[in-house]
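Structure file model-v5.txt (compact mmCIF, C-alpha atoms) follows.
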```
# COMPACT_ATOMS: atom_id res chain seq x y z
CA MET A 1 18.04 3.05 50.73
CA THR A 2 17.74 0.58 47.89
CA PRO A 3 19.92 1.58 44.93
CA PRO A 4 18.13 1.95 41.59
CA PRO A 5 18.38 -1.08 39.32
CA LEU A 6 21.17 -1.02 36.80
CA ALA A 7 20.15 -0.48 33.21
CA ALA A 8 20.44 -3.60 31.11
CA ALA A 9 23.34 -3.60 28.68
CA PRO A 10 22.26 -3.49 25.03
CA ALA A 11 22.15 -6.92 23.43
CA LEU A 12 25.11 -7.70 21.20
CA PRO A 13 24.50 -8.87 17.63
CA ARG A 14 24.31 -12.65 17.30
CA HIS A 15 24.16 -12.96 13.51
CA HIS A 16 27.27 -11.70 11.74
CA VAL A 17 28.84 -11.10 8.33
CA PRO A 18 30.58 -14.35 7.27
CA ASP A 19 34.35 -14.36 6.84
CA HIS A 20 34.22 -14.35 3.03
CA GLY A 21 31.84 -11.36 3.18
CA LEU A 22 34.29 -9.41 5.35
CA VAL A 23 37.11 -10.20 2.93
CA GLU A 24 35.04 -8.98 -0.03
CA TYR A 25 34.00 -5.85 1.90
CA VAL A 26 37.57 -4.93 2.87
CA ALA A 27 38.77 -5.62 -0.69
CA GLY A 28 36.04 -3.40 -2.17
CA ALA A 29 34.60 -6.36 -4.09
CA CYS A 30 31.02 -6.11 -2.74
CA THR A 31 28.11 -4.55 -4.57
CA ASP A 32 27.20 -1.13 -3.20
CA GLY A 33 24.07 -2.52 -1.49
CA ALA A 34 25.97 -5.33 0.22
CA ALA A 35 28.73 -2.89 1.25
CA LEU A 36 26.13 -0.62 2.86
CA ALA A 37 24.62 -3.54 4.78
CA PHE A 38 28.03 -4.74 5.97
CA ALA A 39 29.11 -1.22 6.96
CA CYS A 40 25.93 -0.82 9.04
CA HIS A 41 26.53 -4.15 10.80
CA LEU A 42 30.18 -3.34 11.49
CA SER A 43 29.13 0.00 13.00
CA LEU A 44 27.05 -1.94 15.55
CA CYS A 45 29.27 -5.01 16.04
CA ALA A 46 32.65 -4.51 17.69
CA SER A 47 33.86 -8.05 16.97
CA CYS A 48 33.24 -7.83 13.21
CA ALA A 49 34.68 -4.31 13.11
CA ALA A 50 37.87 -5.58 14.77
CA GLU A 51 38.11 -8.48 12.31
CA ALA A 52 37.63 -6.13 9.35
CA ALA A 53 40.35 -3.81 10.71
CA ALA A 54 42.72 -6.79 11.04
CA LEU A 55 41.98 -7.79 7.44
CA GLU A 56 42.66 -4.23 6.28
CA ASP A 57 45.99 -4.32 8.11
CA VAL A 58 46.96 -7.63 6.50
CA GLY A 59 45.95 -6.34 3.07
CA GLY A 60 48.02 -3.20 3.57
CA ARG A 61 51.09 -5.24 4.54
CA ILE A 62 50.71 -7.45 1.48
CA LEU A 63 50.48 -4.40 -0.78
CA GLU A 64 53.55 -2.83 0.80
CA ALA A 65 55.55 -6.03 0.29
CA SER A 66 54.44 -6.69 -3.29
CA ASP A 67 56.10 -5.44 -6.47
CA GLY A 68 54.32 -2.58 -8.19
CA GLU A 69 52.32 -3.30 -11.35
CA THR A 70 51.31 -1.04 -14.20
CA MET A 71 47.66 -0.07 -13.92
CA ALA A 72 45.32 -0.22 -16.88
CA PRO A 73 44.23 3.13 -18.36
CA GLY A 74 41.44 4.64 -16.24
CA ALA A 75 41.90 2.14 -13.37
CA LEU A 76 42.88 4.80 -10.82
CA GLU A 77 39.97 7.06 -11.75
CA GLY A 78 37.55 4.14 -11.49
CA LEU A 79 38.89 3.14 -8.08
CA LEU A 80 38.64 6.69 -6.74
CA ALA A 81 35.07 6.99 -8.04
CA ARG A 82 34.10 3.73 -6.31
CA LEU A 83 35.70 4.81 -3.05
CA GLY A 84 33.60 7.96 -3.21
CA THR A 85 30.31 6.06 -3.44
CA THR A 86 30.87 2.80 -1.52
CA PRO A 87 30.01 2.92 2.21
CA GLN A 88 33.17 2.39 4.24
CA LEU A 89 33.72 1.50 7.86
CA GLY A 90 34.42 4.43 10.10
CA SER A 91 34.58 4.96 13.83
CA PRO A 92 30.95 5.35 14.92
CA SER A 93 31.99 7.20 18.06
CA ALA A 94 34.02 9.72 16.05
CA GLU A 95 31.17 10.77 13.79
CA THR A 96 27.82 12.22 14.78
CA LEU A 97 25.23 12.72 12.07
CA ALA A 98 21.74 14.06 12.60
CA SER A 99 18.80 11.85 11.62
CA PRO A 100 15.74 13.31 9.94
CA GLU A 101 13.10 13.97 12.58
CA PHE A 102 10.88 11.06 11.52
CA LEU A 103 13.85 8.68 11.91
CA ALA A 104 15.30 10.11 15.12
CA ALA A 105 14.16 7.20 17.31
CA CYS A 106 15.57 4.50 15.01
CA GLY A 107 19.21 4.65 16.14
CA LEU A 108 20.53 4.53 12.57
CA PRO A 109 24.30 4.06 12.15
CA ALA A 110 26.49 6.63 10.39
CA PRO A 111 26.96 4.68 7.11
CA LEU A 112 23.19 4.64 6.59
CA LEU A 113 22.72 8.27 7.61
CA ARG A 114 25.32 9.25 5.00
CA ALA A 115 23.42 7.28 2.35
CA LEU A 116 19.93 8.64 3.07
CA PRO A 117 18.41 10.82 0.36
CA PRO A 118 16.37 13.91 1.29
CA ALA A 119 13.04 12.60 2.64
CA ASP A 120 10.38 13.89 4.99
CA GLY A 121 8.49 10.69 5.75
CA TRP A 122 7.77 7.05 5.01
CA ARG A 123 6.17 5.80 1.79
CA THR A 124 3.60 3.00 2.16
CA VAL A 125 4.30 -0.02 -0.06
CA ILE A 126 1.79 -2.55 1.32
CA PRO A 127 -0.33 -2.47 4.49
CA GLY A 128 2.02 -2.66 7.47
CA MET A 129 5.17 -1.88 5.49
CA ARG A 130 6.61 1.58 4.79
CA VAL A 131 9.90 2.45 3.13
CA VAL A 132 12.48 5.10 2.33
CA ASP A 133 14.11 4.27 -1.01
CA LEU A 134 17.91 4.57 -1.12
CA PRO A 135 19.80 5.65 -4.26
CA PHE A 136 21.67 2.41 -4.93
CA ALA A 137 21.49 0.43 -8.16
CA ALA A 138 19.79 -2.95 -7.72
CA PRO A 139 18.53 -4.16 -11.12
CA GLY A 140 15.22 -5.92 -10.54
CA GLY A 141 15.46 -5.33 -6.80
CA ALA A 142 15.64 -2.45 -4.33
CA VAL A 143 17.69 -0.95 -1.48
CA ARG A 144 15.43 0.46 1.21
CA LEU A 145 15.06 1.44 4.81
CA VAL A 146 11.92 -0.47 5.80
CA ARG A 147 9.52 0.00 8.72
CA PHE A 148 7.55 -3.17 9.45
CA LYS A 149 4.52 -2.76 11.70
CA GLY A 150 4.76 -5.04 14.73
CA GLY A 151 3.22 -8.43 13.91
CA VAL A 152 3.18 -7.96 10.12
CA THR A 153 4.18 -11.02 8.10
CA ILE A 154 5.87 -11.47 4.72
CA PRO A 155 4.70 -14.80 3.27
CA LEU A 156 7.02 -17.57 2.06
CA HIS A 157 9.17 -16.37 -0.83
CA ASP A 158 12.35 -16.99 -2.78
CA HIS A 159 14.85 -14.46 -4.12
CA GLY A 160 16.02 -13.46 -7.57
CA GLY A 161 19.33 -12.31 -6.12
CA PRO A 162 21.11 -12.03 -2.76
CA GLU A 163 19.18 -10.40 0.09
CA TYR A 164 20.85 -8.55 2.98
CA ILE A 165 18.90 -7.29 6.01
CA VAL A 166 20.27 -5.36 9.00
CA VAL A 167 17.88 -4.67 11.90
CA PHE A 168 17.96 -1.39 13.85
CA THR A 169 14.82 -1.43 16.04
CA GLY A 170 12.44 -4.17 17.08
CA ALA A 171 13.10 -7.66 15.78
CA LEU A 172 12.47 -9.74 12.69
CA GLU A 173 11.75 -13.47 12.85
CA GLU A 174 12.57 -15.68 9.87
CA LYS A 175 11.27 -19.19 9.34
CA ASP A 176 12.56 -21.43 6.57
CA GLU A 177 12.13 -25.09 5.75
CA GLY A 178 14.65 -26.01 8.45
CA ASP A 179 14.23 -23.82 11.51
CA GLY A 180 13.57 -20.28 12.65
CA ARG A 181 15.86 -17.43 13.64
CA ARG A 182 15.35 -14.08 15.35
CA PHE A 183 17.23 -10.96 14.28
CA GLY A 184 17.55 -8.00 16.65
CA ARG A 185 19.49 -4.74 16.60
CA GLY A 186 22.71 -5.03 14.61
CA ASP A 187 22.03 -8.56 13.35
CA VAL A 188 22.52 -9.24 9.65
CA SER A 189 20.51 -11.78 7.65
CA ILE A 190 21.89 -12.98 4.31
CA ARG A 191 19.78 -15.07 1.92
CA LEU A 192 20.71 -16.35 -1.53
CA PRO A 193 18.47 -17.50 -4.40
CA GLY A 194 16.95 -20.86 -3.48
CA GLU A 195 16.87 -20.07 0.25
CA ARG A 196 13.13 -19.75 0.80
CA HIS A 197 11.75 -18.20 3.96
CA ALA A 198 8.85 -16.33 5.57
CA GLN A 199 9.31 -13.34 7.86
CA ARG A 200 7.43 -11.70 10.72
CA ALA A 201 8.10 -8.54 12.68
CA THR A 202 7.73 -9.40 16.35
CA PRO A 203 4.50 -7.99 17.86
CA GLY A 204 4.76 -4.63 19.61
CA GLU A 205 7.52 -2.26 18.60
CA PRO A 206 7.88 -1.64 14.85
CA CYS A 207 10.89 -3.25 13.21
CA VAL A 208 13.07 -0.82 11.26
CA ALA A 209 15.68 -2.44 9.04
CA LEU A 210 17.87 -1.92 6.01
CA VAL A 211 16.69 -4.33 3.31
CA VAL A 212 18.85 -4.91 0.24
CA ASN A 213 17.36 -7.07 -2.52
CA GLU A 214 19.67 -7.60 -5.48
CA GLY A 215 16.87 -9.22 -7.46
CA ALA A 216 13.10 -9.42 -7.36
CA LEU A 217 11.32 -11.31 -4.59
CA ARG A 218 9.51 -14.41 -5.82
CA PRO A 219 6.33 -15.01 -3.80
CA LEU A 220 5.46 -18.68 -3.27
CA THR A 221 1.95 -18.29 -1.82
CA LEU A 222 -1.31 -16.82 -3.09
CA ARG A 223 -1.24 -14.14 -0.40
CA GLY A 224 2.30 -13.23 -1.35
CA ARG A 225 1.36 -12.88 -5.02
CA LEU A 226 -1.59 -10.67 -4.07
CA LEU A 227 0.67 -8.44 -1.95
CA ARG A 228 3.13 -8.25 -4.82
CA ALA A 229 0.32 -7.20 -7.17
CA ILE A 230 -0.79 -4.32 -4.93
CA ALA A 231 2.68 -3.17 -3.91
CA ARG A 232 3.33 0.51 -4.65
CA ASP A 233 6.85 0.13 -6.02
```

Could I get this structure in the form of structure tokens?
Amino acid sequence: MTPPPLAAAPALPRHHVPDHGLVEYVAGACTDGAALAFACHLSLCASCAAEAAALEDVGGRILEASDGETMAPGALEGLLARLGTTPQLGSPSAETLASPEFLAACGLPAPLLRALPPADGWRTVIPGMRVVDLPFAAPGGAVRLVRFKGGVTIPLHDHGGPEYIVVFTGALEEKDEGDGRRFGRGDVSIRLPGERHAQRATPGEPCVALVVNEGALRPLTLRGRLLRAIARD
């Protein structure tokens, strides 16, 4: 009797948080949107999670060995307030959170599930793109869970601030003036102002991703400007 074929192992992330990003994340120096994106990636990437844990250990040893300093008035209260709102890395296997029914098939990591506001469905922004808005401050930008219809394209654009994208289902292809890259489950894409690119969700399965824009998108094509004009933000 022929044994059943073995199930393919899930693909590991290929695009990671850079070293300086991990240092900022561990030190609590990221914006809330960036911290959420990094926490989601670390929940799906064992290698980055291990590196972040090592950095936390080094930071703890340095603090233990350093002389104490007098804190400014209100510094402790401010730190505790930030710790209460900033997404932190936890053990994904140790925490099970229920997804809303309309998101159950998306395989969302715990940091994102903790950040989701009450919602009962997607909100259409432009044809082929639906969102759930997340309650994070992003002046001029937005922090959203986005569902791209398979095959939908976002025309060439620039950014008014850093952009962080973490993919959960499907895949997102990015093409810039140099080359193209493909982002699948767990991959993180980071773009800074001046890094222009176009995007396309691969045909077939919808692409669900966390998209953090810390500034307004700047469309560079007529089609992009038209989409921006009709967007239901």

Correct to one decimal, the distance CA of Gly128 in chain A-CA of Ala142 in chain A is 18.0 Å

**Residue list as a PyMOL selection string for point (10.0, -18.0, 8.6), cut-off 7 Å, all atoms listed in the file** = chain A and resi 173-176+180+197-199

Keeping only C-alpha atoms, take the residues you just selected and write them out as a PDB file, keeping the file's coordinate frame.
```
ATOM      1  CA  GLU A 173      11.750 -13.470  12.850  1.00  0.00           C
ATOM      2  CA  GLU A 174      12.570 -15.680   9.870  1.00  0.00           C
ATOM      3  CA  LYS A 175      11.270 -19.190   9.340  1.00  0.00           C
ATOM      4  CA  ASP A 176      12.560 -21.430   6.570  1.00  0.00           C
ATOM      5  CA  GLY A 180      13.570 -20.280  12.650  1.00  0.00           C
ATOM      6  CA  HIS A 197      11.750 -18.200   3.960  1.00  0.00           C
ATOM      7  CA  ALA A 198       8.850 -16.330   5.570  1.00  0.00           C
ATOM      8  CA  GLN A 199       9.310 -13.340   7.860  1.00  0.00           C
TER       9      GLN A 199
END
```

Nearest to Leu220 in chain A, restricted to only C-alpha atoms and choosing among A:Arg191, A:Arg185, A:His157, A:Arg196, comes out as A:His157

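With only C-alpha atoms as the basis for measurement, A:Gly33 is the residue among A:Pro13, A:Gly161, A:Gly33, A:Gly21 that approaches Ala115 in chain A most closely.
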
Judged by all atoms listed in the file, the minimum distance to Thr31 in chain A among A:Glu101, A:Asp158, A:Asp19, A:Glu163 is found for A:Glu163

Closest of A:Pro100, A:Pro118, A:Gly224, A:Gly170 to Gly186 in chain A, counting only C-alpha atoms, is A:Gly170

I'd like the contact shell of Cys106 in chain A - 9 Å cut-off, only C-alpha atoms, skipping same-chain residues fewer than 5 positions apart - returned as a VMD selection string.
chain A and resid 99 168 to 169 208

Exercise: Gly204 in chain A partners within 12 Å, all atoms listed in the file, chain neighbours under 3 positions left out, as a PDB file with C-alpha atoms, in the frame of the given file:
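What landed in out12.pdb:
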```pdb
ATOM      1  CA  PHE A 148       7.550  -3.170   9.450  1.00  0.00           C
ATOM      2  CA  LYS A 149       4.520  -2.760  11.700  1.00  0.00           C
ATOM      3  CA  GLY A 150       4.760  -5.040  14.730  1.00  0.00           C
ATOM      4  CA  GLY A 151       3.220  -8.430  13.910  1.00  0.00           C
ATOM      5  CA  VAL A 152       3.180  -7.960  10.120  1.00  0.00           C
ATOM      6  CA  THR A 169      14.820  -1.430  16.040  1.00  0.00           C
ATOM      7  CA  GLY A 170      12.440  -4.170  17.080  1.00  0.00           C
ATOM      8  CA  ALA A 171      13.100  -7.660  15.780  1.00  0.00           C
ATOM      9  CA  LEU A 172      12.470  -9.740  12.690  1.00  0.00           C
ATOM     10  CA  ARG A 200       7.430 -11.700  10.720  1.00  0.00           C
ATOM     11  CA  ALA A 201       8.100  -8.540  12.680  1.00  0.00           C
ATOM     12  CA  CYS A 207      10.890  -3.250  13.210  1.00  0.00           C
TER      13      CYS A 207
END
```

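A straight line drawn from CA of Arg218 in chain A to CA of Arg130 in chain A is 19.4 Å long.
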
Can you pull out every residue within 9 Å of Trp122 in chain A, counting all atoms listed in the file, but drop anything in the same chain fewer than 5 positions away, and send it as JSON, numbers by chain? {"A": [102, 130, 131, 132, 146, 147]}

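Of the residues listed (A:Ala216, A:Ala54, A:Leu12, A:Ala27), A:Ala216 shows the shortest atom-to-atom separation from Pro139 in chain A; distances use all atoms listed in the file.
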
What separates CA of Ser43 in chain A and CA of Thr202 in chain A is a distance of 23.6 Å

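You can rank A:Gly184, A:Gly141, A:Pro219, A:Pro193 by their closest distance to Glu205 in chain A using all atoms listed in the file, and at the top of that list sits A:Gly184.
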
Next on the checklist: Env of range 112-114 of chain A: 7 Å cut, atoms = all atoms listed in the file, seq-sep filter 2 positions within chain, self excluded. Answer as number ranges by chain.
Outcome noted: A: 40, 97, 99, 108-110, 116

Note to self: as a PyMOL selection string, please: the residues near Asp133 in chain A (cut-off 8 Å, all atoms listed in the file, same-chain neighbours under 2 positions excluded).
What the structure shows: chain A and resi 117+131+135+142-145
